[in-house]
$ cat data-v4.cif   # mmCIF, C-alpha atoms and all ligand atoms
data_start
loop_
_atom_site.label_atom_id
_atom_site.label_comp_id
_atom_site.auth_asym_id
_atom_site.auth_seq_id
_atom_site.Cartn_x
_atom_site.Cartn_y
_atom_site.Cartn_z
CA MET A 1 39.01 -18.97 6.81
CA ASN A 2 40.82 -15.95 8.23
CA VAL A 3 39.41 -12.43 8.20
CA TYR A 4 41.36 -11.38 5.08
CA GLU A 5 40.00 -14.38 3.21
CA ALA A 6 36.47 -13.59 4.35
CA VAL A 7 36.81 -9.96 3.25
CA THR A 8 38.34 -10.68 -0.13
CA SER A 9 36.07 -13.59 -1.00
CA ARG A 10 32.89 -11.69 -0.14
CA ARG A 11 31.14 -10.33 -3.21
CA ALA A 12 27.63 -9.44 -4.11
CA VAL A 13 26.59 -12.84 -5.45
CA ARG A 14 23.65 -12.72 -7.84
CA GLY A 15 23.03 -16.40 -8.45
CA PHE A 16 22.30 -18.96 -5.72
CA THR A 17 21.47 -22.64 -5.71
CA ASP A 18 18.37 -23.89 -3.90
CA ARG A 19 20.52 -25.75 -1.35
CA HIS A 20 18.97 -25.39 2.08
CA VAL A 21 20.66 -23.05 4.56
CA PRO A 22 20.33 -24.64 8.01
CA ARG A 23 18.64 -22.56 10.68
CA GLU A 24 21.42 -23.31 13.18
CA VAL A 25 24.01 -21.81 10.81
CA LEU A 26 21.99 -18.62 10.47
CA GLU A 27 21.57 -18.46 14.25
CA ARG A 28 25.32 -18.95 14.76
CA VAL A 29 26.10 -16.14 12.32
CA LEU A 30 23.55 -13.75 13.82
CA CYS A 31 24.63 -14.53 17.40
CA ALA A 32 28.22 -13.62 16.48
CA ALA A 33 27.19 -10.59 14.39
CA ALA A 34 25.42 -9.19 17.44
CA TRP A 35 28.95 -8.34 18.65
CA SER A 36 29.22 -5.65 15.94
CA PRO A 37 30.12 -2.23 17.35
CA SER A 38 27.63 0.62 17.57
CA GLY A 39 27.68 4.10 19.06
CA SER A 40 26.89 3.81 22.78
CA ASN A 41 26.21 0.12 22.11
CA MET A 42 22.68 1.00 20.97
CA GLN A 43 22.62 -1.87 18.41
CA PRO A 44 20.15 0.07 16.28
CA TRP A 45 19.37 -2.79 13.89
CA HIS A 46 16.53 -5.24 13.70
CA ALA A 47 16.84 -8.19 11.36
CA TYR A 48 14.11 -10.52 10.11
CA VAL A 49 15.21 -13.80 8.57
CA LEU A 50 12.98 -15.46 6.02
CA THR A 51 13.18 -18.95 4.55
CA GLY A 52 10.78 -21.54 3.13
CA GLY A 53 7.10 -20.69 2.63
CA PRO A 54 7.19 -17.07 3.87
CA LEU A 55 10.11 -16.23 1.57
CA ALA A 56 8.43 -17.97 -1.36
CA GLU A 57 5.28 -15.95 -0.69
CA LEU A 58 7.28 -12.71 -0.59
CA LYS A 59 9.01 -13.51 -3.88
CA LYS A 60 5.63 -14.37 -5.41
CA ARG A 61 4.00 -11.12 -4.31
CA ALA A 62 6.97 -9.01 -5.37
CA GLY A 63 7.06 -10.85 -8.72
CA GLU A 64 3.40 -10.04 -9.25
CA ARG A 65 4.12 -6.37 -8.66
CA VAL A 66 7.02 -6.43 -11.10
CA ALA A 67 4.92 -8.22 -13.74
CA ALA A 68 2.05 -5.76 -13.28
CA GLY A 69 4.39 -2.78 -13.65
CA ASP A 70 3.25 -1.68 -10.22
CA PRO A 71 5.07 1.54 -9.27
CA TRP A 72 7.57 1.42 -6.47
CA ASP A 73 6.56 2.36 -2.93
CA GLU A 74 7.31 5.91 -1.90
CA ARG A 75 10.86 6.26 -0.63
CA GLU A 76 11.63 6.31 3.07
CA TYR A 77 15.24 7.24 2.40
CA GLU A 78 17.25 8.32 -0.64
CA MET A 79 19.34 5.46 -2.01
CA TYR A 80 21.76 7.92 -3.63
CA PRO A 81 22.17 11.69 -3.57
CA PRO A 82 20.18 13.20 -6.46
CA ALA A 83 23.22 14.78 -8.15
CA LEU A 84 26.28 12.62 -7.73
CA LYS A 85 29.55 14.45 -8.13
CA SER A 86 32.90 13.13 -9.29
CA PRO A 87 34.39 10.59 -8.58
CA TYR A 88 31.22 8.87 -7.31
CA ARG A 89 29.29 9.48 -10.53
CA GLU A 90 32.01 7.81 -12.61
CA ARG A 91 32.39 4.91 -10.17
CA ARG A 92 28.65 4.31 -10.20
CA SER A 93 28.45 4.40 -13.95
CA ALA A 94 31.49 2.07 -14.26
CA PHE A 95 29.70 -0.37 -11.97
CA GLY A 96 26.55 -0.23 -14.13
CA GLU A 97 28.60 -0.88 -17.28
CA GLN A 98 30.33 -3.81 -15.63
CA ARG A 99 27.22 -5.35 -14.09
CA TYR A 100 25.04 -5.13 -17.16
CA GLY A 101 27.93 -5.50 -19.63
CA ALA A 102 28.63 -8.94 -18.09
CA LEU A 103 25.05 -9.86 -19.01
CA GLY A 104 25.50 -8.53 -22.54
CA ILE A 105 23.16 -5.60 -21.88
CA SER A 106 24.04 -2.21 -23.36
CA ARG A 107 23.85 1.12 -21.56
CA GLU A 108 20.88 2.24 -23.67
CA ASP A 109 18.80 -0.93 -23.22
CA TRP A 110 16.86 0.25 -20.20
CA GLU A 111 14.22 -2.49 -20.49
CA ALA A 112 16.81 -5.28 -20.46
CA ARG A 113 18.46 -3.64 -17.44
CA GLN A 114 15.10 -3.59 -15.68
CA ARG A 115 14.53 -7.26 -16.50
CA ALA A 116 17.94 -8.15 -15.06
CA ALA A 117 17.27 -5.98 -12.00
CA ALA A 118 14.00 -7.86 -11.44
CA ALA A 119 16.06 -10.84 -10.23
CA ASN A 120 16.56 -8.78 -7.07
CA TRP A 121 13.00 -9.55 -6.07
CA GLU A 122 13.57 -13.26 -6.54
CA CYS A 123 16.57 -12.93 -4.21
CA PHE A 124 18.64 -14.20 -7.14
CA GLY A 125 17.32 -17.67 -6.31
CA ALA A 126 18.54 -17.64 -2.70
CA PRO A 127 16.67 -19.87 -0.23
CA ALA A 128 17.17 -17.48 2.68
CA ALA A 129 17.02 -13.73 3.11
CA LEU A 130 17.52 -11.23 5.88
CA PHE A 131 15.65 -7.93 6.00
CA CYS A 132 17.41 -5.25 7.97
CA TYR A 133 15.41 -2.47 9.60
CA ILE A 134 16.40 0.61 11.55
CA ASP A 135 14.29 2.76 13.84
CA ARG A 136 12.88 5.81 12.03
CA GLY A 137 14.28 8.17 14.67
CA MET A 138 17.90 7.18 14.12
CA GLY A 139 20.46 9.45 12.48
CA ALA A 140 23.42 9.07 10.10
CA ALA A 141 25.70 7.60 12.75
CA GLN A 142 23.24 4.81 13.54
CA TRP A 143 22.76 4.05 9.84
CA ALA A 144 26.53 3.59 9.76
CA ASP A 145 26.21 1.18 12.71
CA VAL A 146 23.72 -0.84 10.71
CA GLY A 147 26.19 -0.99 7.81
CA MET A 148 28.84 -2.41 10.14
CA TYR A 149 26.37 -4.98 11.38
CA LEU A 150 25.50 -6.08 7.86
CA GLN A 151 29.14 -6.34 6.83
CA THR A 152 29.80 -8.46 9.91
CA VAL A 153 26.91 -10.73 8.93
CA MET A 154 28.26 -11.02 5.38
CA LEU A 155 31.78 -11.91 6.55
CA LEU A 156 30.50 -14.50 9.00
CA LEU A 157 28.42 -16.01 6.20
CA ARG A 158 31.65 -16.46 4.25
CA ALA A 159 33.14 -18.31 7.23
CA GLU A 160 30.18 -20.71 6.92
CA GLY A 161 30.80 -21.24 3.19
CA LEU A 162 27.81 -19.06 2.34
CA HIS A 163 27.49 -16.04 0.09
CA SER A 164 25.17 -13.07 0.15
CA CYS A 165 23.96 -10.03 -1.72
CA PRO A 166 22.89 -6.85 0.08
CA GLN A 167 19.91 -5.31 -1.70
CA MET A 168 18.52 -1.84 -1.26
CA ALA A 169 16.25 -2.88 -4.13
CA TRP A 170 13.92 -4.42 -1.56
CA SER A 171 13.23 -0.97 -0.09
CA VAL A 172 11.19 -0.07 -3.18
CA TYR A 173 8.79 -2.92 -2.38
CA ARG A 174 8.92 -2.30 1.34
CA ARG A 175 5.13 -2.51 1.69
CA THR A 176 5.14 -6.03 0.25
CA VAL A 177 7.96 -7.00 2.62
CA ALA A 178 5.91 -5.53 5.48
CA GLU A 179 2.86 -7.61 4.49
CA ILE A 180 4.90 -10.72 5.22
CA LEU A 181 6.90 -9.48 8.22
CA SER A 182 4.48 -7.10 9.96
CA PRO A 183 7.26 -4.94 11.43
CA PRO A 184 6.30 -2.26 13.97
CA ASP A 185 5.43 1.13 12.44
CA GLY A 186 8.56 2.78 13.77
CA LEU A 187 10.97 0.74 11.65
CA VAL A 188 12.38 1.66 8.22
CA LEU A 189 13.51 -1.09 5.88
CA PHE A 190 17.12 -0.36 4.93
CA CYS A 191 17.81 -3.39 2.77
CA GLY A 192 17.41 -7.07 2.13
CA LEU A 193 20.29 -9.55 2.14
CA SER A 194 19.96 -12.67 0.01
CA ILE A 195 21.78 -15.61 1.56
CA GLY A 196 22.74 -18.98 0.17
CA PHE A 197 25.27 -21.12 -1.65
CA GLU A 198 26.66 -19.63 -4.84
CA ASP A 199 25.50 -21.00 -8.17
CA ALA A 200 28.86 -21.14 -9.90
CA THR A 201 27.19 -21.43 -13.31
CA VAL A 202 25.90 -17.84 -13.06
CA ASP A 203 28.35 -15.33 -14.53
CA CYS A 204 29.36 -12.82 -11.92
CA ALA A 205 31.75 -9.98 -12.77
CA ARG A 206 34.17 -9.12 -9.97
CA THR A 207 34.05 -5.42 -9.18
CA GLY A 208 37.25 -3.42 -8.79
CA ARG A 209 38.19 -0.76 -6.28
CA ALA A 210 39.72 2.69 -6.50
CA PRO A 211 43.48 2.80 -5.90
CA LEU A 212 44.34 3.20 -2.23
CA ASP A 213 45.55 6.78 -2.59
CA GLU A 214 42.10 7.83 -3.86
CA THR A 215 40.36 6.74 -0.67
CA VAL A 216 43.08 6.76 2.00
CA THR A 217 45.49 9.48 3.10
CA PHE A 218 48.38 8.54 5.33
CA VAL A 219 49.71 11.40 7.42
CA ASP A 220 53.04 10.02 8.59
CA GLY A 221 54.85 11.32 11.59
CA CYS A 222 58.38 10.97 10.15
C1 LIG A 301 23.76 -1.15 1.12
C2 LIG A 301 23.95 -1.88 -0.18
C3 LIG A 301 22.87 -2.04 -1.04
C4 LIG A 301 23.01 -2.74 -2.24
N1 LIG A 301 21.91 -2.94 -3.03
C5 LIG A 301 22.02 -3.76 -4.09
C6 LIG A 301 20.85 -4.12 -4.82
O1 LIG A 301 19.73 -3.69 -4.55
N2 LIG A 301 20.98 -5.01 -5.84
C7 LIG A 301 22.20 -5.53 -6.18
O2 LIG A 301 22.25 -6.33 -7.12
N3 LIG A 301 23.34 -5.18 -5.51
C8 LIG A 301 23.26 -4.33 -4.48
N4 LIG A 301 24.38 -4.04 -3.74
C9 LIG A 301 25.67 -4.63 -4.11
C10 LIG A 301 26.65 -3.60 -4.68
O3 LIG A 301 26.33 -3.34 -6.02
C11 LIG A 301 28.05 -4.19 -4.55
O4 LIG A 301 28.34 -4.36 -3.17
C12 LIG A 301 29.12 -3.28 -5.15
O5 LIG A 301 28.92 -3.14 -6.53
C13 LIG A 301 30.52 -3.84 -4.90
O6 LIG A 301 30.62 -5.15 -5.42
P1 LIG A 301 30.97 -6.41 -4.50
O7 LIG A 301 30.04 -6.37 -3.33
O8 LIG A 301 30.70 -7.61 -5.40
O9 LIG A 301 32.38 -6.30 -4.07
C14 LIG A 301 24.27 -3.27 -2.59
C15 LIG A 301 25.35 -3.09 -1.71
C16 LIG A 301 25.19 -2.41 -0.54
C17 LIG A 301 26.37 -2.26 0.39
#

$ encode --input "data-v4.cif" --output "structure tokens"
Amino acid sequence: MNVYEAVTSRRAVRGFTDRHVPREVLERVLCAAAWSPSGSNMQPWHAYVLTGGPLAELKKRAGERVAAGDPWDEREYEMYPPALKSPYRERRSAFGEQRYGALGISREDWEARQRAAAANWECFGAPAALFCYIDRGMGAAQWADVGMYLQTVMLLLRAEGLHSCPQMAWSVYRRTVAEILSPPDGLVLFCGLSIGFEDATVDCARTGRAPLDETVTFVDGC
């Protein structure tokens, strides 16, 4: 698989089979992903990888919180700016329509949307998950470094025939994640990343992208 194929075949997959993901594959991917760039080579990420019993326990505890209607943990970072302006507001709402529309859920049916979103905390059935932390003292540039690291992980997973889904949703149950992982106090959970083999029977709408001239400006010299 070349890089273009890895990039274009990566999607947020929201249905995985229970097929085991070998530890050596995950180690190979994470060894290579360590070569991601970062400002001053600080490598400001810390990843925890969960499989088997510990992941099952995490899903169980998170599921209990969902079932009990337990409120989310207080935020350590804002997932989105409070007032999104155009064109981001429209893009976000188009995504919501597409994601929930594919499941036959209308815009107004908030409960059904919540039920569908609850699959986040089952890792969409994935047998492996990575939880990506960043030191609390880091700034915007280092958060960008962490994004590059995660994208590198996701592309390498494609090269191994695996799929993934990055999930900020895990940050709202960060205390439950911490019960299982016991991270040092100084780390903030950015997101989870479900990892596994795609369940092709689960309907998964392909997202689109803005036309190039909306997000790229060429300033040509001729
Ligand atoms: C940092 C980050 C956090 C995300 N969090 C979630 C999430 O909590 N749950 C989810 O289902 N998808 C999540 N996604 C997936 C996005 O919805 C998805 O990447 C976007 O809609 C583009 O679709 P594609 O990845 O399939 O191309 C997240 C993506 C990123 C990059």

$ closest_atom_pairs --input "data-v4.cif" --of "chain A" --to "ligand LIG 301 (chain A)" --cutoff "8 Å" --atoms "all atoms listed in the file" --output "Markdown table"
| residue | atom | partner | partner_atom | distance |
| --- | --- | --- | --- | --- |
| A:Arg10 | CA | A:LIG301 | O9 | 6.7 |
| A:Arg11 | CA | A:LIG301 | O8 | 3.5 |
| A:Ala12 | CA | A:LIG301 | O8 | 3.8 |
| A:Val13 | CA | A:LIG301 | O8 | 6.7 |
| A:Arg14 | CA | A:LIG301 | O2 | 6.6 |
| A:Phe95 | CA | A:LIG301 | O5 | 6.2 |
| A:Ala117 | CA | A:LIG301 | O2 | 7.0 |
| A:Asn120 | CA | A:LIG301 | N2 | 5.9 |
| A:Gly147 | CA | A:LIG301 | C1 | 7.1 |
| A:Cys165 | CA | A:LIG301 | C9 | 6.1 |
| A:Pro166 | CA | A:LIG301 | C14 | 4.7 |
| A:Gln167 | CA | A:LIG301 | O1 | 3.3 |
| A:Met168 | CA | A:LIG301 | O1 | 4.0 |
| A:Ala169 | CA | A:LIG301 | O1 | 3.6 |
| A:Trp170 | CA | A:LIG301 | O1 | 6.6 |
| A:Phe190 | CA | A:LIG301 | C1 | 7.7 |
| A:Cys191 | CA | A:LIG301 | C3 | 6.5 |
| A:Gly192 | CA | A:LIG301 | O1 | 7.8 |
| A:Ala205 | CA | A:LIG301 | O8 | 7.8 |
| A:Arg206 | CA | A:LIG301 | O8 | 5.9 |
| A:Thr207 | CA | A:LIG301 | O6 | 5.1 |
| A:Gly208 | CA | A:LIG301 | O9 | 7.4 |

$ write_last_selection --input "data-v4.cif" --atoms "C-alpha atoms" --output "PDB file, in the frame of the given file"
ATOM      1  CA  ARG A  10      32.890 -11.690  -0.140  1.00  0.00           C
ATOM      2  CA  ARG A  11      31.140 -10.330  -3.210  1.00  0.00           C
ATOM      3  CA  ALA A  12      27.630  -9.440  -4.110  1.00  0.00           C
ATOM      4  CA  VAL A  13      26.590 -12.840  -5.450  1.00  0.00           C
ATOM      5  CA  ARG A  14      23.650 -12.720  -7.840  1.00  0.00           C
ATOM      6  CA  PHE A  95      29.700  -0.370 -11.970  1.00  0.00           C
ATOM      7  CA  ALA A 117      17.270  -5.980 -12.000  1.00  0.00           C
ATOM      8  CA  ASN A 120      16.560  -8.780  -7.070  1.00  0.00           C
ATOM      9  CA  GLY A 147      26.190  -0.990   7.810  1.00  0.00           C
ATOM     10  CA  CYS A 165      23.960 -10.030  -1.720  1.00  0.00           C
ATOM     11  CA  PRO A 166      22.890  -6.850   0.080  1.00  0.00           C
ATOM     12  CA  GLN A 167      19.910  -5.310  -1.700  1.00  0.00           C
ATOM     13  CA  MET A 168      18.520  -1.840  -1.260  1.00  0.00           C
ATOM     14  CA  ALA A 169      16.250  -2.880  -4.130  1.00  0.00           C
ATOM     15  CA  TRP A 170      13.920  -4.420  -1.560  1.00  0.00           C
ATOM     16  CA  PHE A 190      17.120  -0.360   4.930  1.00  0.00           C
ATOM     17  CA  CYS A 191      17.810  -3.390   2.770  1.00  0.00           C
ATOM     18  CA  GLY A 192      17.410  -7.070   2.130  1.00  0.00           C
ATOM     19  CA  ALA A 205      31.750  -9.980 -12.770  1.00  0.00           C
ATOM     20  CA  ARG A 206      34.170  -9.120  -9.970  1.00  0.00           C
ATOM     21  CA  THR A 207      34.050  -5.420  -9.180  1.00  0.00           C
ATOM     22  CA  GLY A 208      37.250  -3.420  -8.790  1.00  0.00           C
TER      23      GLY A 208
END

$ residues_around --input "data-v4.cif" --residues "A:Tyr173" --least-positions-apart "3" --cutoff "10 Å" --atoms "only C-alpha atoms" --output "VMD selection string"
chain A and resid 61 to 62 65 to 66 70 to 75 121 168 to 170 176 to 178 189

$ write_last_selection --input "data-v4.cif" --atoms "C-alpha atoms" --output "mmCIF file, in the coordinates of the input"
data_model
loop_
_atom_site.group_PDB
_atom_site.id
_atom_site.type_symbol
_atom_site.label_atom_id
_atom_site.label_comp_id
_atom_site.auth_asym_id
_atom_site.auth_seq_id
_atom_site.Cartn_x
_atom_site.Cartn_y
_atom_site.Cartn_z
ATOM 1 C CA ARG A 61 4.000 -11.120 -4.310
ATOM 2 C CA ALA A 62 6.970 -9.010 -5.370
ATOM 3 C CA ARG A 65 4.120 -6.370 -8.660
ATOM 4 C CA VAL A 66 7.020 -6.430 -11.100
ATOM 5 C CA ASP A 70 3.250 -1.680 -10.220
ATOM 6 C CA PRO A 71 5.070 1.540 -9.270
ATOM 7 C CA TRP A 72 7.570 1.420 -6.470
ATOM 8 C CA ASP A 73 6.560 2.360 -2.930
ATOM 9 C CA GLU A 74 7.310 5.910 -1.900
ATOM 10 C CA ARG A 75 10.860 6.260 -0.630
ATOM 11 C CA TRP A 121 13.000 -9.550 -6.070
ATOM 12 C CA MET A 168 18.520 -1.840 -1.260
ATOM 13 C CA ALA A 169 16.250 -2.880 -4.130
ATOM 14 C CA TRP A 170 13.920 -4.420 -1.560
ATOM 15 C CA THR A 176 5.140 -6.030 0.250
ATOM 16 C CA VAL A 177 7.960 -7.000 2.620
ATOM 17 C CA ALA A 178 5.910 -5.530 5.480
ATOM 18 C CA LEU A 189 13.510 -1.090 5.880
#

$ residues_around --input "data-v4.cif" --residues "A:Glu160" --least-positions-apart "5" --cutoff "12 Å" --atoms "only C-alpha atoms" --output "PyMOL selection string"
chain A and resi 1-2+6+10+21-22+24-30+153-155+195-197

$ closest_residue --input "data-v4.cif" --among "A:Gln142, A:Ser164, A:Gln98, A:Thr217" --to "A:Asp203" --atoms "all atoms listed in the file"
A:Gln98

$ closest_residue --input "data-v4.cif" --among "A:Cys123, A:Gly15, A:Asp220, A:Gly39" --to "A:Lys60" --atoms "all atoms listed in the file"
A:Cys123

$ closest_residue --input "data-v4.cif" --among "A:Ile180, A:Ser171, A:Ala159, A:Gly63" --to "A:Thr8" --atoms "all atoms listed in the file"
A:Ala159

$ closest_residue --input "data-v4.cif" --among "A:Val202, A:Met138, A:Ala126, A:Val146" --to "A:His20" --atoms "all atoms listed in the file"
A:Ala126

$ closest_residue --input "data-v4.cif" --among "A:Arg175, A:Arg107, A:Thr17, A:Thr51" --to "A:Leu130" --atoms "all atoms listed in the file"
A:Thr51

$ residues_around --input "data-v4.cif" --residues "stretch 33-37 of chain A" --least-positions-apart "3" --cutoff "8 Å" --atoms "all atoms listed in the file" --output "compact mmCIF listing (two decimals) with C-alpha atoms, in the coordinates of the input"
# COMPACT_ATOMS: atom_id res chain seq x y z
CA VAL A 29 26.10 -16.14 12.32
CA LEU A 30 23.55 -13.75 13.82
CA ASN A 41 26.21 0.12 22.11
CA GLN A 43 22.62 -1.87 18.41
CA ASP A 145 26.21 1.18 12.71
CA MET A 148 28.84 -2.41 10.14
CA TYR A 149 26.37 -4.98 11.38
CA THR A 152 29.80 -8.46 9.91
CA VAL A 153 26.91 -10.73 8.93
CA LEU A 156 30.50 -14.50 9.00

$ atom_distance --input "data-v4.cif" --atom1 "atom CA of A:Ala47" --atom2 "atom CA of A:Arg136"
14.6 Å

$ closest_residue --input "data-v4.cif" --among "A:Tyr77, A:Gln114, A:Cys132, A:Tyr4" --to "A:Leu181" --atoms "all atoms listed in the file"
A:Cys132
